[in-house]
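This is query37.txt. It holds compact mmCIF, C-alpha atoms and all ligand atoms.
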# COMPACT_ATOMS: atom_id res chain seq x y z
CA MET A 25 -37.40 18.70 -5.16
CA GLY A 26 -34.75 16.95 -3.01
CA GLY A 27 -31.56 18.22 -1.43
CA ASN A 28 -28.35 19.11 -3.21
CA LEU A 29 -26.16 16.09 -4.02
CA GLN A 30 -22.51 17.16 -3.94
CA VAL A 31 -19.10 15.54 -4.50
CA ARG A 32 -16.59 16.79 -1.95
CA LEU A 33 -12.85 16.21 -1.72
CA VAL A 34 -12.03 14.40 1.53
CA ARG A 35 -8.44 13.31 0.85
CA TYR A 36 -5.67 14.65 -1.40
CA PRO A 37 -5.22 11.86 -3.97
CA ARG A 38 -1.91 10.04 -4.22
CA GLY A 39 -1.57 9.20 -7.88
CA ILE A 40 -4.73 8.74 -9.93
CA PRO A 41 -7.79 9.93 -7.95
CA ARG A 42 -9.86 7.06 -6.49
CA ARG A 43 -13.36 6.66 -5.04
CA ASP A 44 -12.19 7.12 -1.45
CA ASP A 45 -10.69 10.53 -2.17
CA PHE A 46 -14.26 11.85 -2.41
CA ASP A 47 -17.45 11.83 -0.43
CA ILE A 48 -20.97 12.22 -1.76
CA VAL A 49 -23.19 14.23 0.56
CA GLU A 50 -26.69 15.61 0.36
CA ALA A 51 -26.65 19.27 1.41
CA ALA A 52 -29.56 21.68 1.63
CA ARG A 53 -30.67 23.10 -1.70
CA PRO A 54 -29.29 26.66 -1.95
CA GLU A 55 -31.52 29.76 -2.21
CA PRO A 56 -30.66 32.53 -4.69
CA GLY A 57 -30.12 36.01 -3.24
CA PRO A 58 -30.73 39.33 -5.00
CA GLY A 59 -29.03 39.35 -8.44
CA GLU A 60 -28.54 35.57 -8.37
CA VAL A 61 -29.99 32.51 -10.08
CA LEU A 62 -30.57 28.94 -8.89
CA LEU A 63 -29.22 26.41 -11.39
CA ARG A 64 -29.92 22.73 -11.79
CA THR A 65 -27.00 20.86 -13.35
CA LEU A 66 -27.90 18.90 -16.49
CA TYR A 67 -24.41 17.86 -17.61
CA LEU A 68 -21.17 18.08 -15.68
CA SER A 69 -17.79 18.21 -17.35
CA LEU A 70 -14.89 16.13 -16.01
CA ASP A 71 -11.68 17.92 -16.99
CA PRO A 72 -8.01 17.12 -16.35
CA TYR A 73 -7.21 20.59 -14.92
CA VAL A 74 -9.41 19.86 -11.89
CA ARG A 75 -6.71 17.39 -10.76
CA THR A 76 -4.31 20.32 -10.20
CA TRP A 77 -6.76 21.66 -7.58
CA MET A 78 -6.42 18.37 -5.69
CA LEU A 79 -2.68 18.65 -5.10
CA ALA A 80 -1.86 18.82 -1.41
CA PRO A 81 -0.90 22.38 -0.49
CA ASP A 82 2.70 21.22 0.23
CA SER A 83 3.11 19.64 -3.25
CA HIS A 84 6.29 20.61 -5.06
CA VAL A 85 4.61 20.36 -8.47
CA PRO A 86 3.85 23.87 -9.84
CA HIS A 87 0.13 24.64 -9.51
CA ASN A 88 -2.14 27.60 -8.93
CA ALA A 89 -4.43 26.71 -6.03
CA SER A 90 -5.68 23.78 -3.98
CA LEU A 91 -9.10 22.84 -2.69
CA ASP A 92 -9.46 22.53 1.06
CA LEU A 93 -10.55 19.12 2.29
CA GLY A 94 -14.34 19.13 2.55
CA ASP A 95 -14.78 21.53 -0.39
CA VAL A 96 -17.19 20.78 -3.22
CA VAL A 97 -14.96 19.96 -6.20
CA ILE A 98 -14.82 22.70 -8.83
CA GLY A 99 -16.02 22.03 -12.36
CA ARG A 100 -17.97 23.35 -15.30
CA GLY A 101 -21.50 22.31 -16.13
CA VAL A 102 -24.50 22.92 -18.35
CA SER A 103 -27.48 23.92 -16.22
CA GLU A 104 -31.08 25.00 -16.41
CA VAL A 105 -32.20 28.15 -14.60
CA LEU A 106 -34.76 27.08 -11.97
CA GLU A 107 -35.21 30.43 -10.20
CA SER A 108 -34.03 33.83 -11.34
CA ARG A 109 -33.54 37.09 -9.51
CA ARG A 110 -31.82 38.60 -12.55
CA GLY A 111 -33.43 40.45 -15.45
CA ASP A 112 -31.12 38.89 -18.06
CA LEU A 113 -31.78 35.23 -17.18
CA ALA A 114 -35.20 33.58 -17.23
CA VAL A 115 -36.48 30.34 -15.74
CA GLY A 116 -35.84 27.58 -18.28
CA ASP A 117 -32.74 29.19 -19.83
CA VAL A 118 -29.94 26.70 -20.38
CA VAL A 119 -26.49 28.05 -19.58
CA VAL A 120 -22.90 26.89 -19.18
CA GLY A 121 -20.66 27.98 -16.32
CA GLU A 122 -18.86 27.09 -13.09
CA THR A 123 -21.30 24.85 -11.26
CA GLY A 124 -18.96 22.63 -9.23
CA TRP A 125 -19.57 18.89 -8.89
CA GLN A 126 -23.12 19.23 -7.54
CA ALA A 127 -26.74 18.98 -8.58
CA TYR A 128 -27.72 22.60 -7.79
CA SER A 129 -25.66 25.77 -7.68
CA ILE A 130 -26.02 29.50 -7.27
CA SER A 131 -24.54 32.04 -9.66
CA ASP A 132 -24.46 35.82 -9.88
CA GLY A 133 -24.48 35.36 -13.67
CA SER A 134 -20.96 36.67 -14.24
CA ASP A 135 -19.57 33.26 -15.31
CA LEU A 136 -22.60 32.14 -17.32
CA ARG A 137 -23.11 32.03 -21.06
CA PRO A 138 -26.26 30.81 -22.84
CA VAL A 139 -26.00 27.48 -24.63
CA ARG A 140 -26.63 28.13 -28.31
CA GLU A 141 -27.20 24.67 -29.70
CA ALA A 142 -30.62 23.17 -29.15
CA SER A 143 -29.98 19.50 -29.85
CA THR A 144 -27.08 18.46 -27.62
CA PRO A 145 -26.35 20.76 -24.66
CA SER A 146 -23.40 18.56 -23.65
CA THR A 147 -21.43 19.87 -26.63
CA ALA A 148 -21.18 23.17 -24.73
CA LEU A 149 -18.74 21.33 -22.45
CA GLY A 150 -16.73 19.75 -25.27
CA VAL A 151 -16.34 20.49 -28.94
CA LEU A 152 -18.30 23.77 -28.65
CA GLY A 153 -17.13 24.58 -25.13
CA MET A 154 -13.95 25.26 -23.20
CA PRO A 155 -11.96 22.26 -24.56
CA GLY A 156 -12.88 23.00 -28.18
CA PHE A 157 -12.08 26.65 -27.66
CA THR A 158 -8.71 25.65 -26.19
CA GLY A 159 -7.87 23.67 -29.33
CA TRP A 160 -9.06 26.42 -31.67
CA ALA A 161 -7.35 29.32 -29.87
CA GLY A 162 -4.14 27.45 -29.04
CA LEU A 163 -3.72 26.44 -32.66
CA ARG A 164 -4.63 29.83 -34.08
CA PHE A 165 -2.78 32.17 -31.73
CA VAL A 166 0.19 30.08 -30.61
CA GLY A 167 0.63 27.21 -33.09
CA ARG A 168 0.00 29.48 -36.12
CA PRO A 169 0.14 26.69 -38.72
CA GLU A 170 0.53 27.41 -42.41
CA PRO A 171 -0.80 25.24 -45.25
CA GLY A 172 1.60 22.37 -45.89
CA ASN A 173 2.89 22.33 -42.29
CA THR A 174 2.97 19.12 -40.27
CA VAL A 175 0.97 19.56 -37.06
CA VAL A 176 1.27 16.93 -34.33
CA VAL A 177 -1.11 16.79 -31.37
CA SER A 178 -1.09 14.45 -28.35
CA ALA A 179 -4.22 13.14 -26.58
CA ALA A 180 -5.49 13.27 -30.16
CA SER A 181 -8.81 11.46 -29.70
CA GLY A 182 -9.82 13.70 -26.80
CA ALA A 183 -11.84 16.87 -26.45
CA VAL A 184 -8.98 19.28 -27.18
CA GLY A 185 -6.78 17.18 -29.45
CA SER A 186 -9.50 15.97 -31.80
CA LEU A 187 -10.38 19.54 -32.77
CA VAL A 188 -6.75 20.65 -33.10
CA GLY A 189 -5.99 17.99 -35.71
CA GLN A 190 -9.23 18.45 -37.63
CA LEU A 191 -8.80 22.23 -37.84
CA ALA A 192 -5.18 21.77 -38.94
CA ARG A 193 -6.33 19.34 -41.64
CA LEU A 194 -9.01 21.79 -42.83
CA GLN A 195 -6.28 24.45 -43.11
CA GLY A 196 -4.28 22.26 -45.48
CA CYS A 197 -1.82 20.86 -42.94
CA ARG A 198 -0.70 17.28 -42.42
CA ALA A 199 -2.32 16.36 -39.09
CA VAL A 200 -0.67 13.62 -37.07
CA GLY A 201 -2.04 12.40 -33.76
CA ILE A 202 -0.60 10.62 -30.76
CA ALA A 203 -3.03 8.52 -28.70
CA GLY A 204 -2.99 5.41 -26.51
CA ALA A 205 -5.20 2.45 -27.40
CA PRO A 206 -5.31 1.04 -30.97
CA GLU A 207 -9.04 1.81 -31.25
CA LYS A 208 -8.34 5.45 -30.43
CA CYS A 209 -5.62 5.61 -33.11
CA ARG A 210 -8.03 4.06 -35.62
CA PHE A 211 -10.72 6.60 -34.70
CA VAL A 212 -8.25 9.47 -35.13
CA GLU A 213 -7.25 8.31 -38.61
CA GLU A 214 -10.54 6.94 -39.93
CA GLU A 215 -13.19 9.16 -38.30
CA LEU A 216 -11.26 12.38 -37.73
CA GLY A 217 -9.27 12.17 -40.97
CA PHE A 218 -5.77 12.68 -39.56
CA ALA A 219 -3.00 11.55 -41.92
CA ALA A 220 -1.63 9.21 -39.23
CA CYS A 221 -1.78 8.45 -35.52
CA ALA A 222 1.02 6.91 -33.45
CA SER A 223 0.50 5.16 -30.12
CA HIS A 224 2.42 6.40 -27.09
CA ARG A 225 2.05 2.87 -25.70
CA SER A 226 4.40 1.58 -28.40
CA SER A 227 8.09 1.20 -27.52
CA THR A 228 8.84 2.57 -31.01
CA LEU A 229 6.92 5.85 -30.67
CA GLY A 230 9.88 7.95 -31.87
CA ALA A 231 10.40 5.84 -35.01
CA ASP A 232 6.65 5.63 -35.65
CA LEU A 233 6.36 9.40 -35.47
CA SER A 234 9.37 9.86 -37.68
CA ARG A 235 7.71 7.71 -40.35
CA ALA A 236 4.43 9.60 -39.96
CA CYS A 237 6.20 12.98 -40.28
CA PRO A 238 8.66 12.59 -43.19
CA ASP A 239 9.11 16.38 -43.41
CA GLY A 240 9.58 16.87 -39.67
CA ILE A 241 7.17 18.68 -37.35
CA ASP A 242 6.30 22.38 -37.67
CA VAL A 243 3.75 22.64 -34.85
CA TYR A 244 3.49 20.42 -31.79
CA PHE A 245 0.36 20.89 -29.69
CA ASP A 246 1.39 19.30 -26.40
CA ASN A 247 -1.38 18.01 -24.15
CA VAL A 248 0.75 15.45 -22.35
CA GLY A 249 4.40 16.38 -21.59
CA GLY A 250 6.85 13.76 -20.25
CA ASP A 251 7.95 10.88 -22.50
CA VAL A 252 5.67 11.92 -25.36
CA LEU A 253 7.26 15.37 -25.52
CA ALA A 254 10.69 13.72 -25.39
CA ALA A 255 9.77 11.59 -28.44
CA VAL A 256 8.54 14.61 -30.41
CA LEU A 257 11.49 16.88 -29.62
CA PRO A 258 14.08 15.41 -32.06
CA LEU A 259 11.59 15.71 -34.94
CA LEU A 260 10.85 19.43 -34.55
CA ASN A 261 11.90 21.53 -37.52
CA PRO A 262 13.87 24.78 -37.19
CA ARG A 263 11.53 27.57 -35.96
CA ALA A 264 8.80 25.07 -35.02
CA ARG A 265 6.18 26.19 -32.51
CA VAL A 266 5.31 24.16 -29.43
CA VAL A 267 1.95 24.94 -27.81
CA VAL A 268 2.31 23.93 -24.17
CA CYS A 269 -1.37 23.30 -23.45
CA GLY A 270 -1.36 20.42 -20.94
CA ARG A 271 0.83 17.98 -19.03
CA ILE A 272 -1.59 15.22 -18.22
CA SER A 273 1.18 12.62 -17.84
CA LEU A 274 2.51 14.62 -14.89
CA LEU A 275 -0.71 15.70 -13.17
CA ASN A 276 -0.74 12.82 -10.69
CA GLU A 277 2.80 13.42 -9.44
CA GLN A 278 3.01 14.81 -5.94
CA GLU A 279 6.73 15.45 -6.36
CA LEU A 280 8.69 16.44 -9.47
CA PRO A 281 9.72 13.24 -11.29
CA GLN A 282 13.19 11.93 -10.41
CA GLY A 283 15.54 10.40 -12.96
CA VAL A 284 17.41 11.66 -16.00
CA ASP A 285 17.44 15.46 -16.18
CA ARG A 286 16.04 16.27 -19.64
CA SER A 287 16.24 20.05 -19.30
CA GLY A 288 19.57 20.19 -21.18
CA VAL A 289 18.09 18.40 -24.20
CA LEU A 290 14.99 20.58 -24.10
CA LEU A 291 16.86 23.87 -23.81
CA GLY A 292 19.49 22.75 -26.33
CA SER A 293 16.74 21.98 -28.85
CA ILE A 294 15.08 25.34 -28.21
CA LEU A 295 18.37 27.12 -28.74
CA THR A 296 19.79 25.36 -31.78
CA ARG A 297 16.48 25.04 -33.63
CA ARG A 298 15.14 28.48 -32.55
CA LEU A 299 11.93 26.88 -31.29
CA THR A 300 9.08 28.95 -29.95
CA VAL A 301 7.74 27.17 -26.86
CA GLN A 302 4.75 29.00 -25.42
CA GLY A 303 2.46 28.24 -22.54
CA PHE A 304 -1.22 28.56 -23.44
CA VAL A 305 -4.13 29.09 -21.04
CA TRP A 306 -7.55 29.55 -22.60
CA PRO A 307 -8.94 32.42 -20.42
CA ASP A 308 -6.22 34.68 -21.89
CA PHE A 309 -8.11 34.49 -25.20
CA ALA A 310 -11.70 34.41 -23.87
CA ASP A 311 -12.64 37.56 -25.85
CA HIS A 312 -12.49 35.37 -28.97
CA PHE A 313 -15.09 32.85 -27.74
CA ASP A 314 -17.93 34.08 -29.97
CA GLU A 315 -15.59 34.06 -32.99
CA PHE A 316 -14.74 30.45 -32.17
CA LEU A 317 -18.43 29.48 -31.94
CA ASP A 318 -19.26 31.31 -35.18
CA GLU A 319 -16.52 29.40 -36.98
CA VAL A 320 -16.74 25.92 -35.47
CA THR A 321 -20.52 25.52 -34.94
CA PRO A 322 -21.23 25.30 -38.71
CA LEU A 323 -18.31 22.89 -39.16
CA VAL A 324 -19.81 20.60 -36.53
CA ALA A 325 -23.30 20.91 -38.03
CA ALA A 326 -21.92 20.00 -41.48
CA ARG A 327 -19.94 17.10 -39.93
CA GLN A 328 -16.72 18.56 -41.30
CA VAL A 329 -15.64 18.40 -37.68
CA ARG A 330 -16.48 15.20 -35.81
CA PHE A 331 -16.46 14.72 -32.07
CA ARG A 332 -17.02 11.94 -29.61
CA GLU A 333 -18.48 12.03 -26.09
CA ASP A 334 -18.10 9.53 -23.27
CA VAL A 335 -21.27 10.00 -21.20
CA VAL A 336 -21.49 8.72 -17.63
CA GLU A 337 -24.89 8.50 -15.94
CA GLY A 338 -25.43 10.14 -12.52
CA LEU A 339 -23.41 12.23 -10.07
CA GLU A 340 -22.79 9.10 -7.97
CA GLN A 341 -20.42 7.87 -10.72
CA VAL A 342 -18.21 10.97 -10.63
CA PRO A 343 -15.72 9.81 -7.95
CA THR A 344 -14.81 6.73 -9.99
CA ALA A 345 -15.20 8.27 -13.45
CA PHE A 346 -12.78 11.16 -12.89
CA GLY A 347 -9.70 8.88 -12.70
CA ARG A 348 -10.46 7.49 -16.17
CA LEU A 349 -9.01 10.65 -17.72
CA PHE A 350 -5.58 9.69 -16.39
CA GLU A 351 -5.82 6.00 -17.30
CA GLY A 352 -6.85 6.86 -20.86
CA SER A 353 -10.03 4.81 -20.42
CA ASN A 354 -12.27 7.69 -21.42
CA PHE A 355 -12.91 7.70 -25.15
CA GLY A 356 -13.98 11.21 -26.11
CA LYS A 357 -15.07 14.16 -23.99
CA LEU A 358 -15.96 12.84 -20.54
CA VAL A 359 -19.29 14.27 -19.33
CA VAL A 360 -21.76 13.25 -16.65
CA HIS A 361 -25.48 13.37 -17.36
CA LEU A 362 -27.47 14.41 -14.28
CA ALA A 363 -30.86 15.57 -15.54
CA ASP A 364 -32.86 16.77 -18.52
CA PRO A 365 -34.30 20.27 -18.76
CA GLU A 366 -37.76 20.61 -17.19
CA ALA A 367 -38.96 23.74 -18.89
CA GLY A 368 -35.83 24.20 -20.97
CA SER A 369 -35.58 26.72 -23.76
CA LEU A 370 -32.27 26.93 -25.61
CA ARG A 371 -31.61 30.17 -27.40
P1 LIG B 401 -9.03 14.15 -23.08
O1 LIG B 401 -8.01 14.12 -24.16
O2 LIG B 401 -10.46 14.07 -23.48
O3 LIG B 401 -8.73 13.01 -22.02
C1 LIG B 401 -7.45 12.87 -21.46
C2 LIG B 401 -6.57 11.93 -22.31
O4 LIG B 401 -5.21 12.17 -22.00
C3 LIG B 401 -6.78 10.47 -21.99
O5 LIG B 401 -7.91 9.91 -22.61
C4 LIG B 401 -5.48 9.85 -22.51
O6 LIG B 401 -5.62 9.60 -23.89
C5 LIG B 401 -4.47 11.00 -22.35
N1 LIG B 401 -3.52 10.65 -21.27
C6 LIG B 401 -3.79 10.49 -19.97
N2 LIG B 401 -2.68 10.14 -19.28
C7 LIG B 401 -1.67 10.08 -20.21
C8 LIG B 401 -0.29 9.77 -20.13
N3 LIG B 401 0.31 9.47 -18.97
N4 LIG B 401 0.44 9.79 -21.29
C9 LIG B 401 -0.15 10.09 -22.47
N5 LIG B 401 -1.47 10.40 -22.61
C10 LIG B 401 -2.22 10.40 -21.49
O7 LIG B 401 -8.81 15.47 -22.22
P2 LIG B 401 -8.97 16.98 -22.69
O8 LIG B 401 -10.03 17.60 -21.88
O9 LIG B 401 -9.06 17.06 -24.17
O10 LIG B 401 -7.59 17.62 -22.22
C11 LIG B 401 -6.40 17.37 -22.94
C12 LIG B 401 -5.28 18.21 -22.36
O11 LIG B 401 -5.56 19.58 -22.56
C13 LIG B 401 -5.06 18.02 -20.87
O12 LIG B 401 -3.68 18.01 -20.60
C14 LIG B 401 -5.69 19.25 -20.26
O13 LIG B 401 -5.15 19.60 -19.03
C15 LIG B 401 -5.36 20.28 -21.35
N6 LIG B 401 -6.19 21.49 -21.34
C16 LIG B 401 -5.56 22.68 -21.26
C17 LIG B 401 -6.29 23.84 -21.29
C18 LIG B 401 -5.55 25.16 -21.25
O14 LIG B 401 -6.19 26.20 -21.24
N7 LIG B 401 -4.23 25.14 -21.24
C19 LIG B 401 -7.69 23.79 -21.38
C20 LIG B 401 -8.31 22.54 -21.48
C21 LIG B 401 -7.55 21.38 -21.46
P3 LIG B 401 -4.86 8.32 -24.56
O15 LIG B 401 -5.68 7.13 -24.16
O16 LIG B 401 -4.88 8.62 -25.99
O17 LIG B 401 -3.51 8.27 -23.94

What would you get if you wrote out this structure as structure tokens?
Ligand code: NAP
Amino acid sequence: MGGNLQVRLVRYPRGIPRRDDFDIVEAARPEPGPGEVLLRTLYLSLDPYVRTWMLAPDSHVPHNASLDLGDVVIGRGVSEVLESRRGDLAVGDVVVGETGWQAYSISDGSDLRPVREASTPSTALGVLGMPGFTGWAGLRFVGRPEPGNTVVVSAASGAVGSLVGQLARLQGCRAVGIAGAPEKCRFVEEELGFAACASHRSSTLGADLSRACPDGIDVYFDNVGGDVLAAVLPLLNPRARVVVCGRISLLNEQELPQGVDRSGVLLGSILTRRLTVQGFVWPDFADHFDEFLDEVTPLVAARQVRFREDVVEGLEQVPTAFGRLFEGSNFGKLVVHLADPEAGSLR
């Protein structure tokens, strides 16, 4: 067994993260201490939120924490237990948790959960993992759609958005997506079964959405913010709910965007149409994770819920692949395949 290949942040990105913002180093393979396990990463998840950890500490954009230069980048992964000094985890178990962007990691077990599905462990990072859970919980607890409602979701072909629209459709709602490229819009309509999908690349997004939502919008699940939110705002019905889940269009800004101040329009809309606009962060609802799996796993197995993955081969690709999330050139949940289980047993 070789050393531990790691991706480290060496420069705070300006704009979309690029190859030179990262270094790939081979560190010594870590040794588990008492109560710990050694994990070998099988699949790594590339997620938009990781970009917020790469903001320079002096950034004026609101964010929680920053990595120090030289740190291994944070991230979730599916791993196989290679060595265990814990009674509840055995060699060969396949688990999902916070591995970081590296080939081997150590865990005390507190962040780990067994991967249930035998066939495709990568789904534990997508449709049956944190992004899927985000869509399910954000829709259920914040969006609260009722049959007959129109539910609009942005980044609709992606890991979160694709589940939001499909669940809304299964609940008897009119699901309308917003995506970028024409092939993504086609996928959203034809494969995922949304009633319509508008492209945010079109100069007529507002009019296109208006046509797609003849009865207005009752729930907007916002993954994007910025211009897309501005296009949705005039179409929101009285007492509509806005799930503020993500702001990917703004994640590469080092400073708050300059230009027309839209806060008056936003607050005016909230006031006159009695909107509920609520921030959503998935860990607040983590107690419901098993309920989510119990409900969505059979839907995926029966292909009532479809999903798409964009699989990149090898940790070496991570520094260039990560930026694709912000260019829209990923098509489906972006995961990196590092290895296959050696002695793997999924339970
Ligand atoms: P994803 O949709 O699989 O990939 C990101 C997509 O965002 C891109 O493919 C692109 O799709 C779209 N995008 C990127 N830049 C854009 C821009 N400037 N304007 C419009 N669209 C843009 O990613 P995901 O993992 O499902 O995440 C979706 C959102 O959910 C992100 O904002 C993420 O931060 C958020 N999220 C929040 C939580 C939470 O707990 N609050 C948890 C997980 C994820 P198009 O090509 O269609 O534009």

Within 7 Å of ligand LIG 401 (chain B), counting all atoms listed in the file: which residues, as a ChimeraX atom specification? /A:71-73,154-155,158,179-185,202-205,208,224,247-248,252,269-274,304-307,349-358

When you look at range 332-341 of chain A with a cut-off of 9 Å (counting only C-alpha atoms), what residues show up, excluding the ones that are within fewer than 3 positions of it in the same chain? I need them as a ChimeraX atom specification. /A:29-31,48,68,125-127,146-147,150-151,181-183,186,344-346,354-363

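Interatomic distance, CA of Gly111 in chain A against CA of Val139 in chain A: 17.5 Å.
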
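The gap separating CA of Ala222 in chain A from CA of Glu207 in chain A is 11.5 Å, in Å to one decimal.
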
If I put a ball of radius 12 Å at (4.5, 22.2, -11.9) in the file's coordinates, which residues poke into it when counting only C-alpha atoms, written as number ranges by chain? A: 76, 79, 83-89, 249, 270-281

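Closest approach to Gly167 in chain A from the set A:Arg110, A:Arg137, A:Arg75, A:Arg265 is made by A:Arg265, with distances taken over only C-alpha atoms.
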
Taking (-17.7, 24.9, -13.8) in the file's coordinates as the center, which residues reach within 7 Å of it, counting only C-alpha atoms, put as a list in words? Ile98, Gly99, Arg100, Gly101, Gly121, Glu122, Thr123 and Gly124 of chain A

Residues from the last selection, C-alpha atoms, saved as a PDB file, in the frame of the given file:
ATOM      1  CA  ILE A  98     -14.820  22.700  -8.830  1.00  0.00           C
ATOM      2  CA  GLY A  99     -16.020  22.030 -12.360  1.00  0.00           C
ATOM      3  CA  ARG A 100     -17.970  23.350 -15.300  1.00  0.00           C
ATOM      4  CA  GLY A 101     -21.500  22.310 -16.130  1.00  0.00           C
ATOM      5  CA  GLY A 121     -20.660  27.980 -16.320  1.00  0.00           C
ATOM      6  CA  GLU A 122     -18.860  27.090 -13.090  1.00  0.00           C
ATOM      7  CA  THR A 123     -21.300  24.850 -11.260  1.00  0.00           C
ATOM      8  CA  GLY A 124     -18.960  22.630  -9.230  1.00  0.00           C
TER       9      GLY A 124
END

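Using all atoms listed in the file for every distance, the candidate list A:Val289, A:Leu191, A:Leu63, A:Ala161 yields A:Leu63 as the residue closest to Leu136 in chain A.
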
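Between CA of Glu215 in chain A and CA of His312 in chain A the separation is 27.8 Å.
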
Nearest residue to Asp308 in chain A out of A:Leu113, A:Val119, A:Ala80, A:Gly162, using all atoms listed in the file? A:Gly162

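Residue nearest Ala51 in chain A within the list A:Gly347, A:Pro37, A:Gly133, A:Gly26: A:Gly26 [criterion: smallest interatomic distance, all atoms listed in the file].
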
Residue contacts of Ala114 in chain A (10 Å, only C-alpha atoms) excluding same-chain residues fewer than 4 positions away, as a PyMOL selection string: chain A and resi 61+104-110+118+369

Mind writing the picked residues with C-alpha atoms as an mmCIF file, keeping the file's coordinate frame?
data_model
loop_
_atom_site.group_PDB
_atom_site.id
_atom_site.type_symbol
_atom_site.label_atom_id
_atom_site.label_comp_id
_atom_site.auth_asym_id
_atom_site.auth_seq_id
_atom_site.Cartn_x
_atom_site.Cartn_y
_atom_site.Cartn_z
ATOM 1 C CA VAL A 61 -29.990 32.510 -10.080
ATOM 2 C CA GLU A 104 -31.080 25.000 -16.410
ATOM 3 C CA VAL A 105 -32.200 28.150 -14.600
ATOM 4 C CA LEU A 106 -34.760 27.080 -11.970
ATOM 5 C CA GLU A 107 -35.210 30.430 -10.200
ATOM 6 C CA SER A 108 -34.030 33.830 -11.340
ATOM 7 C CA ARG A 109 -33.540 37.090 -9.510
ATOM 8 C CA ARG A 110 -31.820 38.600 -12.550
ATOM 9 C CA VAL A 118 -29.940 26.700 -20.380
ATOM 10 C CA SER A 369 -35.580 26.720 -23.760
#

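Distances to Val115 in chain A were evaluated for A:Val301, A:Gly94, A:Pro322, A:Leu62 using only C-alpha atoms, and the minimum falls at A:Leu62.
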
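Of the listed residues A:Asp45, A:Glu213, A:Asp95, A:Glu315, the one whose atoms come nearest to Gly189 in chain A is A:Glu213, with distances taken using only C-alpha atoms.
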
Give me the residues near Ala325 in chain A as a PDB file with C-alpha atoms, in the frame of the given file, where near means some atom within 12 Å (using all atoms listed in the file) and where sequence neighbours in that chain fewer than 4 positions away do not count.
ATOM      1  CA  GLU A 141     -27.200  24.670 -29.700  1.00  0.00           C
ATOM      2  CA  ALA A 142     -30.620  23.170 -29.150  1.00  0.00           C
ATOM      3  CA  SER A 143     -29.980  19.500 -29.850  1.00  0.00           C
ATOM      4  CA  THR A 144     -27.080  18.460 -27.620  1.00  0.00           C
ATOM      5  CA  THR A 147     -21.430  19.870 -26.630  1.00  0.00           C
ATOM      6  CA  VAL A 151     -16.340  20.490 -28.940  1.00  0.00           C
ATOM      7  CA  LEU A 152     -18.300  23.770 -28.650  1.00  0.00           C
ATOM      8  CA  LEU A 317     -18.430  29.480 -31.940  1.00  0.00           C
ATOM      9  CA  ASP A 318     -19.260  31.310 -35.180  1.00  0.00           C
ATOM     10  CA  GLU A 319     -16.520  29.400 -36.980  1.00  0.00           C
ATOM     11  CA  VAL A 320     -16.740  25.920 -35.470  1.00  0.00           C
ATOM     12  CA  THR A 321     -20.520  25.520 -34.940  1.00  0.00           C
ATOM     13  CA  VAL A 329     -15.640  18.400 -37.680  1.00  0.00           C
ATOM     14  CA  ARG A 330     -16.480  15.200 -35.810  1.00  0.00           C
ATOM     15  CA  PHE A 331     -16.460  14.720 -32.070  1.00  0.00           C
TER      16      PHE A 331
END

Would you mind listing what lies within 12 Å of Ser234 in chain A as a VMD selection string, with all atoms listed in the file counted and same-chain residues fewer than 5 positions away left out? chain A and resid 174 176 200 220 to 222 228 to 229 239 to 241 255 to 261

Which residues are close to Val34 in chain A, i.e. within 12 Å by all atoms listed in the file, leaving aside same-chain residues fewer than 6 positions away? Reply as a PyMOL selection string. chain A and resi 41-49+78+80+91-97+343
